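A.B. asks: Contents of structure-v5.txt (compact mmCIF, N, CA, C and O atoms) are given next:
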```
# COMPACT_ATOMS: atom_id res chain seq x y z
N MET A 80 99.56 103.70 92.05
CA MET A 80 99.04 104.79 91.25
C MET A 80 99.57 106.14 91.76
O MET A 80 99.91 107.00 90.98
N ARG A 81 99.60 106.29 93.09
CA ARG A 81 100.10 107.54 93.65
C ARG A 81 101.58 107.75 93.32
O ARG A 81 102.01 108.89 93.17
N LEU A 82 102.33 106.67 93.22
CA LEU A 82 103.74 106.80 92.90
C LEU A 82 103.92 107.35 91.49
O LEU A 82 104.78 108.22 91.27
N ILE A 83 103.14 106.89 90.55
CA ILE A 83 103.21 107.41 89.18
C ILE A 83 102.83 108.89 89.16
O ILE A 83 103.48 109.70 88.49
N ILE A 84 101.79 109.24 89.91
CA ILE A 84 101.38 110.64 89.99
C ILE A 84 102.49 111.47 90.61
O ILE A 84 102.78 112.58 90.15
N ALA A 85 103.15 110.94 91.66
CA ALA A 85 104.23 111.67 92.33
C ALA A 85 105.40 111.94 91.39
O ALA A 85 106.06 112.97 91.50
N ILE A 86 105.64 111.04 90.46
CA ILE A 86 106.76 111.22 89.54
C ILE A 86 106.38 112.15 88.38
O ILE A 86 107.15 113.04 88.01
N LEU A 87 105.20 111.95 87.82
CA LEU A 87 104.81 112.72 86.64
C LEU A 87 104.20 114.09 86.97
O LEU A 87 104.46 115.06 86.28
N ILE A 88 103.37 114.13 88.00
CA ILE A 88 102.68 115.38 88.39
C ILE A 88 102.87 115.54 89.91
O ILE A 88 101.93 115.29 90.68
N PRO A 89 104.06 115.94 90.34
CA PRO A 89 104.37 115.93 91.77
C PRO A 89 103.40 116.72 92.66
O PRO A 89 103.02 116.24 93.73
N PHE A 90 102.95 117.88 92.22
CA PHE A 90 102.10 118.67 93.10
C PHE A 90 100.77 117.97 93.39
O PHE A 90 100.20 118.11 94.48
N LEU A 91 100.28 117.19 92.46
CA LEU A 91 99.00 116.50 92.64
C LEU A 91 99.09 115.41 93.71
O LEU A 91 98.12 115.13 94.41
N ALA A 92 100.26 114.83 93.87
CA ALA A 92 100.44 113.79 94.89
C ALA A 92 100.19 114.34 96.28
O ALA A 92 99.63 113.65 97.14
N PHE A 93 100.57 115.58 96.52
CA PHE A 93 100.35 116.19 97.83
C PHE A 93 98.86 116.38 98.11
O PHE A 93 98.41 116.22 99.24
N PHE A 94 98.11 116.70 97.09
CA PHE A 94 96.67 116.86 97.27
C PHE A 94 96.01 115.51 97.57
O PHE A 94 95.03 115.45 98.30
N THR A 95 96.53 114.43 97.01
CA THR A 95 95.93 113.11 97.25
C THR A 95 96.20 112.60 98.66
O THR A 95 95.47 111.73 99.14
N ILE A 96 97.25 113.10 99.31
CA ILE A 96 97.54 112.65 100.68
C ILE A 96 97.11 113.67 101.72
O ILE A 96 97.41 113.54 102.89
N GLY A 97 96.39 114.70 101.28
CA GLY A 97 95.82 115.65 102.22
C GLY A 97 96.76 116.74 102.70
O GLY A 97 96.66 117.20 103.83
N ARG A 98 97.69 117.16 101.85
CA ARG A 98 98.62 118.25 102.19
C ARG A 98 98.56 119.33 101.12
O ARG A 98 99.48 119.47 100.31
N PRO A 99 97.48 120.12 101.10
CA PRO A 99 97.30 121.09 100.01
C PRO A 99 98.32 122.24 100.02
O PRO A 99 98.71 122.70 98.95
N ILE A 100 98.77 122.69 101.18
CA ILE A 100 99.76 123.78 101.24
C ILE A 100 101.07 123.31 100.60
O ILE A 100 101.68 124.02 99.79
N ALA A 101 101.50 122.11 100.94
CA ALA A 101 102.72 121.55 100.34
C ALA A 101 102.51 121.36 98.84
O ALA A 101 103.45 121.52 98.06
N GLY A 102 101.29 121.03 98.43
CA GLY A 102 100.99 120.89 97.01
C GLY A 102 101.17 122.19 96.25
O GLY A 102 101.69 122.20 95.13
N ILE A 103 100.75 123.28 96.85
CA ILE A 103 100.90 124.60 96.20
C ILE A 103 102.37 124.98 96.12
O ILE A 103 102.84 125.46 95.08
N VAL A 104 103.11 124.74 97.19
CA VAL A 104 104.55 125.03 97.18
C VAL A 104 105.25 124.17 96.13
O VAL A 104 106.12 124.64 95.39
N CYS A 105 104.86 122.92 96.05
CA CYS A 105 105.44 122.02 95.06
C CYS A 105 105.10 122.47 93.64
O CYS A 105 105.93 122.36 92.75
N LEU A 106 103.90 122.96 93.43
CA LEU A 106 103.51 123.46 92.12
C LEU A 106 104.39 124.64 91.72
O LEU A 106 104.85 124.71 90.57
N ILE A 107 104.64 125.53 92.64
CA ILE A 107 105.51 126.68 92.35
C ILE A 107 106.91 126.18 92.00
O ILE A 107 107.55 126.68 91.07
N LEU A 108 107.40 125.20 92.73
CA LEU A 108 108.71 124.63 92.44
C LEU A 108 108.72 123.91 91.10
O LEU A 108 109.67 124.00 90.32
N GLN A 109 107.62 123.23 90.79
CA GLN A 109 107.53 122.43 89.57
C GLN A 109 107.40 123.28 88.32
O GLN A 109 107.70 122.80 87.23
N ILE A 110 106.98 124.51 88.45
CA ILE A 110 106.79 125.37 87.27
C ILE A 110 108.08 125.51 86.47
O ILE A 110 108.05 125.53 85.24
N THR A 111 109.20 125.57 87.15
CA THR A 111 110.46 125.65 86.43
C THR A 111 110.91 124.25 86.03
O THR A 111 110.65 123.27 86.74
N LEU A 112 111.55 124.13 84.93
CA LEU A 112 112.00 122.83 84.45
C LEU A 112 113.05 122.24 85.37
O LEU A 112 113.06 121.05 85.64
N ILE A 113 113.94 123.08 85.90
CA ILE A 113 114.97 122.60 86.82
C ILE A 113 114.34 122.17 88.14
O ILE A 113 114.79 121.23 88.77
N GLY A 114 113.27 122.84 88.56
CA GLY A 114 112.62 122.53 89.82
C GLY A 114 111.74 121.30 89.78
O GLY A 114 111.32 120.80 90.82
N TRP A 115 111.48 120.78 88.58
CA TRP A 115 110.61 119.62 88.49
C TRP A 115 111.23 118.39 89.15
O TRP A 115 110.54 117.65 89.85
N LEU A 116 112.52 118.17 88.96
CA LEU A 116 113.18 117.01 89.54
C LEU A 116 113.16 117.05 91.08
O LEU A 116 112.75 116.07 91.70
N PRO A 117 113.54 118.16 91.71
CA PRO A 117 113.41 118.20 93.18
C PRO A 117 111.96 118.06 93.65
O PRO A 117 111.70 117.45 94.68
N ALA A 118 111.02 118.59 92.88
CA ALA A 118 109.60 118.46 93.25
C ALA A 118 109.18 117.01 93.19
O ALA A 118 108.45 116.54 94.07
N ALA A 119 109.62 116.28 92.18
CA ALA A 119 109.28 114.86 92.07
C ALA A 119 109.91 114.05 93.20
O ALA A 119 109.25 113.17 93.78
N ILE A 120 111.14 114.34 93.53
CA ILE A 120 111.81 113.65 94.63
C ILE A 120 111.10 113.93 95.94
O ILE A 120 110.86 113.03 96.75
N TRP A 121 110.73 115.19 96.17
CA TRP A 121 110.02 115.58 97.38
C TRP A 121 108.67 114.87 97.46
O TRP A 121 108.26 114.39 98.53
N ALA A 122 107.96 114.77 96.36
CA ALA A 122 106.65 114.13 96.34
C ALA A 122 106.77 112.63 96.63
O ALA A 122 105.96 112.08 97.38
N VAL A 123 107.76 111.97 96.07
CA VAL A 123 107.97 110.54 96.33
C VAL A 123 108.33 110.33 97.80
O VAL A 123 107.82 109.41 98.46
N TYR A 124 109.16 111.19 98.35
CA TYR A 124 109.53 111.11 99.77
C TYR A 124 108.30 111.31 100.66
O TYR A 124 108.09 110.56 101.62
N ALA A 125 107.50 112.33 100.36
CA ALA A 125 106.30 112.60 101.15
C ALA A 125 105.32 111.43 101.07
O ALA A 125 104.67 111.09 102.06
N LEU A 126 105.23 110.82 99.91
CA LEU A 126 104.35 109.67 99.74
C LEU A 126 104.82 108.49 100.58
O LEU A 126 104.01 107.80 101.21
N SER A 127 106.13 108.26 100.63
CA SER A 127 106.65 107.16 101.45
C SER A 127 106.41 107.43 102.93
O SER A 127 106.08 106.51 103.68
N GLN A 128 106.54 108.69 103.35
CA GLN A 128 106.27 109.05 104.74
C GLN A 128 104.79 108.84 105.06
O GLN A 128 104.44 108.39 106.14
N TYR A 129 103.92 109.18 104.13
CA TYR A 129 102.49 109.00 104.31
C TYR A 129 102.15 107.53 104.50
O TYR A 129 101.38 107.16 105.38
N LYS A 130 102.75 106.67 103.68
CA LYS A 130 102.50 105.23 103.79
C LYS A 130 103.00 104.69 105.13
O LYS A 130 102.35 103.85 105.75
N THR A 131 104.14 105.18 105.59
CA THR A 131 104.67 104.76 106.88
C THR A 131 103.74 105.19 108.01
O THR A 131 103.46 104.42 108.93
N ASP A 132 103.26 106.43 107.94
CA ASP A 132 102.32 106.91 108.96
C ASP A 132 101.04 106.09 108.98
O ASP A 132 100.49 105.81 110.05
N GLU A 133 100.55 105.70 107.82
CA GLU A 133 99.34 104.88 107.75
C GLU A 133 99.58 103.51 108.39
O GLU A 133 98.71 102.99 109.09
N LYS A 134 100.73 102.93 108.16
CA LYS A 134 101.05 101.63 108.76
C LYS A 134 101.12 101.74 110.28
O LYS A 134 100.65 100.85 111.01
N ILE A 135 101.71 102.82 110.77
CA ILE A 135 101.81 103.03 112.22
C ILE A 135 100.42 103.19 112.82
O ILE A 135 100.11 102.60 113.86
N ARG A 136 99.56 103.99 112.18
CA ARG A 136 98.20 104.18 112.68
C ARG A 136 97.43 102.85 112.71
O ARG A 136 96.70 102.57 113.66
N LYS A 137 97.60 102.05 111.68
CA LYS A 137 96.91 100.77 111.60
C LYS A 137 97.39 99.85 112.71
O LYS A 137 96.58 99.18 113.37
N THR A 138 98.68 99.79 112.95
CA THR A 138 99.23 98.95 114.00
C THR A 138 98.75 99.38 115.37
O THR A 138 98.39 98.56 116.21
N LEU A 139 98.75 100.68 115.63
CA LEU A 139 98.28 101.18 116.92
C LEU A 139 96.79 100.93 117.11
O LEU A 139 96.34 100.63 118.21
N ALA A 140 96.02 101.02 116.05
CA ALA A 140 94.58 100.75 116.15
C ALA A 140 94.31 99.28 116.45
O ALA A 140 93.37 98.96 117.17
N GLU A 141 95.14 98.40 115.91
CA GLU A 141 94.96 96.97 116.16
C GLU A 141 95.33 96.61 117.59
O GLU A 141 94.78 95.65 118.16
N ARG A 142 96.24 97.34 118.19
CA ARG A 142 96.66 97.05 119.57
C ARG A 142 95.57 97.41 120.58
O ARG A 142 95.54 96.87 121.66
N ARG A 143 94.73 98.34 120.24
CA ARG A 143 93.69 98.80 121.20
C ARG A 143 92.53 97.92 121.21
O ARG A 143 92.04 97.13 120.81
```
Write the structure described by the file as structure tokens, please.
C.D. replies:
Amino acid sequence: MRLIIAILIPFLAFFTIGRPIAGIVCLILQITLIGWLPAAIWAVYALSQYKTDEKIRKTLAERR
């Protein structure tokens, strides 16, 4: 679901992963039609980084 949000409404994806400042910057970038594509790519990248960080946290928690 977050991936669809990241593609269609990129700035909202940042708010769902707890990065509101990046969400505001992404919204400013997304306002222009040309900036929408880089905003969507940035949101998908940030989402993949978030998922990787969650996996690392889960693995470290299981080790303890």
A.B. asks: Using all atoms listed in the file, find the one residue out of A:Ala140, A:Arg98, A:Val123, A:Ile107 that sits nearest to Arg81 in chain A.
C.D. replies: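 Using all atoms listed in the file, the shortest distance to Arg81 in chain A belongs to A:Val123.
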A.B. asks: Restricting the calculation to only C-alpha atoms: of A:Met80, A:Leu116, A:Lys130, A:Ala122, which residue gets closest to Phe93 in chain A?
C.D. replies: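 Result for the nearest residue to Phe93 in chain A: A:Ala122.
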A.B. asks: Could you tell me how far atom N of Gly102 in chain A lies from CA of Ser127 in chain A, in Å and to one decimal?
C.D. replies: 15.2 Å
A.B. asks: Taking only N, CA, C and O atoms into account, which of A:Leu139, A:Ile120, A:Leu106, A:Leu112 comes nearest Phe90 in chain A?
C.D. replies: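 The answer is A:Leu106, which sits nearest to Phe90 in chain A.
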A.B. asks: Find the distance between atom O of Ile86 in chain A and atom N of Ala119 in chain A and write it in Å to one decimal.
C.D. replies: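 Spanning atom O of Ile86 in chain A to atom N of Ala119 in chain A is a straight-line distance of 5.8 Å.
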A.B. asks: To one decimal place in Å, what is the distance between CA of Pro89 in chain A and CA of Cys105 in chain A?
C.D. replies: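 Interatomic distance here is 7.0 Å.
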A.B. asks: Which residue is closest to Tyr124 in chain A? Choose from A:Glu141, A:Leu91, A:Ala85, A:Ile103 and count all atoms listed in the file.
C.D. replies: A:Ala85
A.B. asks: Give me the box for range 100-117 of chain A as lines of an AutoDock Vina configuration file, namely the centre and edge lengths in Å to one decimal of a box along x, y and z that holds every listed atom plus 8 Å on each side.
C.D. replies:
```
center_x = 106.9
center_y = 121.4
center_z = 92.8
size_x = 32.2
size_y = 26.6
size_z = 32.8
```
A.B. asks: Where in range 84-119 of chain A does DSSP assign helix (DSSP H, G or I), given as a ChimeraX atom specification?
C.D. replies: /A:84-87,89-95,99-109,112-119
A.B. asks: So that I have them on file, write out the residues from the current selection with N, CA, C and O atoms, as a short mmCIF file (atom, residue, chain, number, x, y, z; two decimals), keeping the file's coordinate frame.
C.D. replies:
```
data_model
loop_
_atom_site.label_atom_id
_atom_site.label_comp_id
_atom_site.auth_asym_id
_atom_site.auth_seq_id
_atom_site.Cartn_x
_atom_site.Cartn_y
_atom_site.Cartn_z
N ILE A 84 101.79 109.24 89.91
CA ILE A 84 101.38 110.64 89.99
C ILE A 84 102.49 111.47 90.61
O ILE A 84 102.78 112.58 90.15
N ALA A 85 103.15 110.94 91.66
CA ALA A 85 104.23 111.67 92.33
C ALA A 85 105.40 111.94 91.39
O ALA A 85 106.06 112.97 91.50
N ILE A 86 105.64 111.04 90.46
CA ILE A 86 106.76 111.22 89.54
C ILE A 86 106.38 112.15 88.38
O ILE A 86 107.15 113.04 88.01
N LEU A 87 105.20 111.95 87.82
CA LEU A 87 104.81 112.72 86.64
C LEU A 87 104.20 114.09 86.97
O LEU A 87 104.46 115.06 86.28
N PRO A 89 104.06 115.94 90.34
CA PRO A 89 104.37 115.93 91.77
C PRO A 89 103.40 116.72 92.66
O PRO A 89 103.02 116.24 93.73
N PHE A 90 102.95 117.88 92.22
CA PHE A 90 102.10 118.67 93.10
C PHE A 90 100.77 117.97 93.39
O PHE A 90 100.20 118.11 94.48
N LEU A 91 100.28 117.19 92.46
CA LEU A 91 99.00 116.50 92.64
C LEU A 91 99.09 115.41 93.71
O LEU A 91 98.12 115.13 94.41
N ALA A 92 100.26 114.83 93.87
CA ALA A 92 100.44 113.79 94.89
C ALA A 92 100.19 114.34 96.28
O ALA A 92 99.63 113.65 97.14
N PHE A 93 100.57 115.58 96.52
CA PHE A 93 100.35 116.19 97.83
C PHE A 93 98.86 116.38 98.11
O PHE A 93 98.41 116.22 99.24
N PHE A 94 98.11 116.70 97.09
CA PHE A 94 96.67 116.86 97.27
C PHE A 94 96.01 115.51 97.57
O PHE A 94 95.03 115.45 98.30
N THR A 95 96.53 114.43 97.01
CA THR A 95 95.93 113.11 97.25
C THR A 95 96.20 112.60 98.66
O THR A 95 95.47 111.73 99.14
N PRO A 99 97.48 120.12 101.10
CA PRO A 99 97.30 121.09 100.01
C PRO A 99 98.32 122.24 100.02
O PRO A 99 98.71 122.70 98.95
N ILE A 100 98.77 122.69 101.18
CA ILE A 100 99.76 123.78 101.24
C ILE A 100 101.07 123.31 100.60
O ILE A 100 101.68 124.02 99.79
N ALA A 101 101.50 122.11 100.94
CA ALA A 101 102.72 121.55 100.34
C ALA A 101 102.51 121.36 98.84
O ALA A 101 103.45 121.52 98.06
N GLY A 102 101.29 121.03 98.43
CA GLY A 102 100.99 120.89 97.01
C GLY A 102 101.17 122.19 96.25
O GLY A 102 101.69 122.20 95.13
N ILE A 103 100.75 123.28 96.85
CA ILE A 103 100.90 124.60 96.20
C ILE A 103 102.37 124.98 96.12
O ILE A 103 102.84 125.46 95.08
N VAL A 104 103.11 124.74 97.19
CA VAL A 104 104.55 125.03 97.18
C VAL A 104 105.25 124.17 96.13
O VAL A 104 106.12 124.64 95.39
N CYS A 105 104.86 122.92 96.05
CA CYS A 105 105.44 122.02 95.06
C CYS A 105 105.10 122.47 93.64
O CYS A 105 105.93 122.36 92.75
N LEU A 106 103.90 122.96 93.43
CA LEU A 106 103.51 123.46 92.12
C LEU A 106 104.39 124.64 91.72
O LEU A 106 104.85 124.71 90.57
N ILE A 107 104.64 125.53 92.64
CA ILE A 107 105.51 126.68 92.35
C ILE A 107 106.91 126.18 92.00
O ILE A 107 107.55 126.68 91.07
N LEU A 108 107.40 125.20 92.73
CA LEU A 108 108.71 124.63 92.44
C LEU A 108 108.72 123.91 91.10
O LEU A 108 109.67 124.00 90.32
N GLN A 109 107.62 123.23 90.79
CA GLN A 109 107.53 122.43 89.57
C GLN A 109 107.40 123.28 88.32
O GLN A 109 107.70 122.80 87.23
N LEU A 112 111.55 124.13 84.93
CA LEU A 112 112.00 122.83 84.45
C LEU A 112 113.05 122.24 85.37
O LEU A 112 113.06 121.05 85.64
N ILE A 113 113.94 123.08 85.90
CA ILE A 113 114.97 122.60 86.82
C ILE A 113 114.34 122.17 88.14
O ILE A 113 114.79 121.23 88.77
N GLY A 114 113.27 122.84 88.56
CA GLY A 114 112.62 122.53 89.82
C GLY A 114 111.74 121.30 89.78
O GLY A 114 111.32 120.80 90.82
N TRP A 115 111.48 120.78 88.58
CA TRP A 115 110.61 119.62 88.49
C TRP A 115 111.23 118.39 89.15
O TRP A 115 110.54 117.65 89.85
N LEU A 116 112.52 118.17 88.96
CA LEU A 116 113.18 117.01 89.54
C LEU A 116 113.16 117.05 91.08
O LEU A 116 112.75 116.07 91.70
N PRO A 117 113.54 118.16 91.71
CA PRO A 117 113.41 118.20 93.18
C PRO A 117 111.96 118.06 93.65
O PRO A 117 111.70 117.45 94.68
N ALA A 118 111.02 118.59 92.88
CA ALA A 118 109.60 118.46 93.25
C ALA A 118 109.18 117.01 93.19
O ALA A 118 108.45 116.54 94.07
N ALA A 119 109.62 116.28 92.18
CA ALA A 119 109.28 114.86 92.07
C ALA A 119 109.91 114.05 93.20
O ALA A 119 109.25 113.17 93.78
#
```
A.B. asks: Closest to Glu133 in chain A among A:Leu82, A:Ile96, A:Ile110, A:Ile88, using only C-alpha atoms?
C.D. replies: A:Ile96
A.B. asks: Keeping N, CA and C atoms (and nothing else), can you write range 94-130 of chain A of this structure as a compact mmCIF listing (two decimals), in the first residue's frame?
C.D. replies:
```
# COMPACT_ATOMS: atom_id res chain seq x y z
N PHE A 94 5.28 11.03 5.20
CA PHE A 94 4.56 11.18 6.46
C PHE A 94 4.23 9.81 7.06
N THR A 95 4.00 8.80 6.23
CA THR A 95 3.67 7.48 6.75
C THR A 95 4.87 6.77 7.36
N ILE A 96 6.09 7.17 6.97
CA ILE A 96 7.29 6.55 7.55
C ILE A 96 7.94 7.43 8.60
N GLY A 97 7.27 8.51 8.98
CA GLY A 97 7.76 9.33 10.07
C GLY A 97 8.83 10.34 9.70
N ARG A 98 8.78 10.86 8.49
CA ARG A 98 9.75 11.88 8.05
C ARG A 98 8.99 13.10 7.51
N PRO A 99 8.40 13.89 8.41
CA PRO A 99 7.55 15.00 7.96
C PRO A 99 8.31 16.12 7.25
N ILE A 100 9.55 16.41 7.65
CA ILE A 100 10.32 17.47 6.98
C ILE A 100 10.58 17.09 5.52
N ALA A 101 10.98 15.85 5.31
CA ALA A 101 11.20 15.36 3.94
C ALA A 101 9.89 15.37 3.16
N GLY A 102 8.78 15.12 3.85
CA GLY A 102 7.47 15.17 3.20
C GLY A 102 7.13 16.55 2.70
N ILE A 103 7.46 17.56 3.48
CA ILE A 103 7.19 18.95 3.06
C ILE A 103 8.08 19.32 1.88
N VAL A 104 9.34 18.94 1.94
CA VAL A 104 10.26 19.22 0.82
C VAL A 104 9.78 18.49 -0.44
N CYS A 105 9.34 17.27 -0.27
CA CYS A 105 8.82 16.50 -1.40
C CYS A 105 7.56 17.14 -1.97
N LEU A 106 6.71 17.67 -1.12
CA LEU A 106 5.50 18.35 -1.58
C LEU A 106 5.86 19.56 -2.43
N ILE A 107 6.83 20.31 -1.99
CA ILE A 107 7.28 21.48 -2.77
C ILE A 107 7.81 21.02 -4.13
N LEU A 108 8.57 19.95 -4.14
CA LEU A 108 9.09 19.41 -5.39
C LEU A 108 7.97 18.87 -6.27
N GLN A 109 6.98 18.26 -5.64
CA GLN A 109 5.89 17.62 -6.38
C GLN A 109 4.92 18.63 -6.99
N ILE A 110 4.90 19.84 -6.49
CA ILE A 110 3.96 20.85 -6.99
C ILE A 110 4.15 21.09 -8.49
N THR A 111 5.38 21.04 -8.95
CA THR A 111 5.61 21.21 -10.37
C THR A 111 5.42 19.87 -11.07
N LEU A 112 4.94 19.89 -12.27
CA LEU A 112 4.70 18.66 -13.01
C LEU A 112 6.01 17.94 -13.31
N ILE A 113 7.05 18.70 -13.62
CA ILE A 113 8.35 18.09 -13.91
C ILE A 113 8.95 17.50 -12.64
N GLY A 114 8.68 18.11 -11.49
CA GLY A 114 9.24 17.64 -10.23
C GLY A 114 8.52 16.43 -9.65
N TRP A 115 7.37 16.09 -10.22
CA TRP A 115 6.63 14.95 -9.68
C TRP A 115 7.39 13.64 -9.86
N LEU A 116 8.02 13.44 -11.00
CA LEU A 116 8.75 12.20 -11.25
C LEU A 116 9.94 12.04 -10.29
N PRO A 117 10.79 13.05 -10.12
CA PRO A 117 11.86 12.89 -9.12
C PRO A 117 11.31 12.70 -7.70
N ALA A 118 10.20 13.35 -7.39
CA ALA A 118 9.59 13.18 -6.06
C ALA A 118 9.12 11.75 -5.87
N ALA A 119 8.53 11.16 -6.89
CA ALA A 119 8.07 9.77 -6.79
C ALA A 119 9.25 8.82 -6.66
N ILE A 120 10.30 9.05 -7.41
CA ILE A 120 11.49 8.20 -7.31
C ILE A 120 12.11 8.32 -5.92
N TRP A 121 12.20 9.54 -5.40
CA TRP A 121 12.75 9.77 -4.07
C TRP A 121 11.90 9.07 -3.00
N ALA A 122 10.59 9.13 -3.13
CA ALA A 122 9.69 8.50 -2.16
C ALA A 122 9.83 6.98 -2.19
N VAL A 123 9.93 6.39 -3.37
CA VAL A 123 10.10 4.94 -3.47
C VAL A 123 11.45 4.53 -2.87
N TYR A 124 12.49 5.30 -3.12
CA TYR A 124 13.80 5.03 -2.55
C TYR A 124 13.77 5.12 -1.03
N ALA A 125 13.15 6.18 -0.51
CA ALA A 125 13.05 6.35 0.94
C ALA A 125 12.26 5.21 1.58
N LEU A 126 11.23 4.76 0.90
CA LEU A 126 10.43 3.66 1.40
C LEU A 126 11.24 2.37 1.45
N SER A 127 12.06 2.12 0.44
CA SER A 127 12.90 0.92 0.45
C SER A 127 13.94 0.99 1.56
N GLN A 128 14.49 2.18 1.81
CA GLN A 128 15.44 2.36 2.91
C GLN A 128 14.75 2.12 4.25
N TYR A 129 13.52 2.59 4.39
CA TYR A 129 12.76 2.40 5.61
C TYR A 129 12.53 0.91 5.88
N LYS A 130 12.18 0.17 4.84
CA LYS A 130 11.95 -1.27 5.00
C LYS A 130 13.24 -1.99 5.39
```
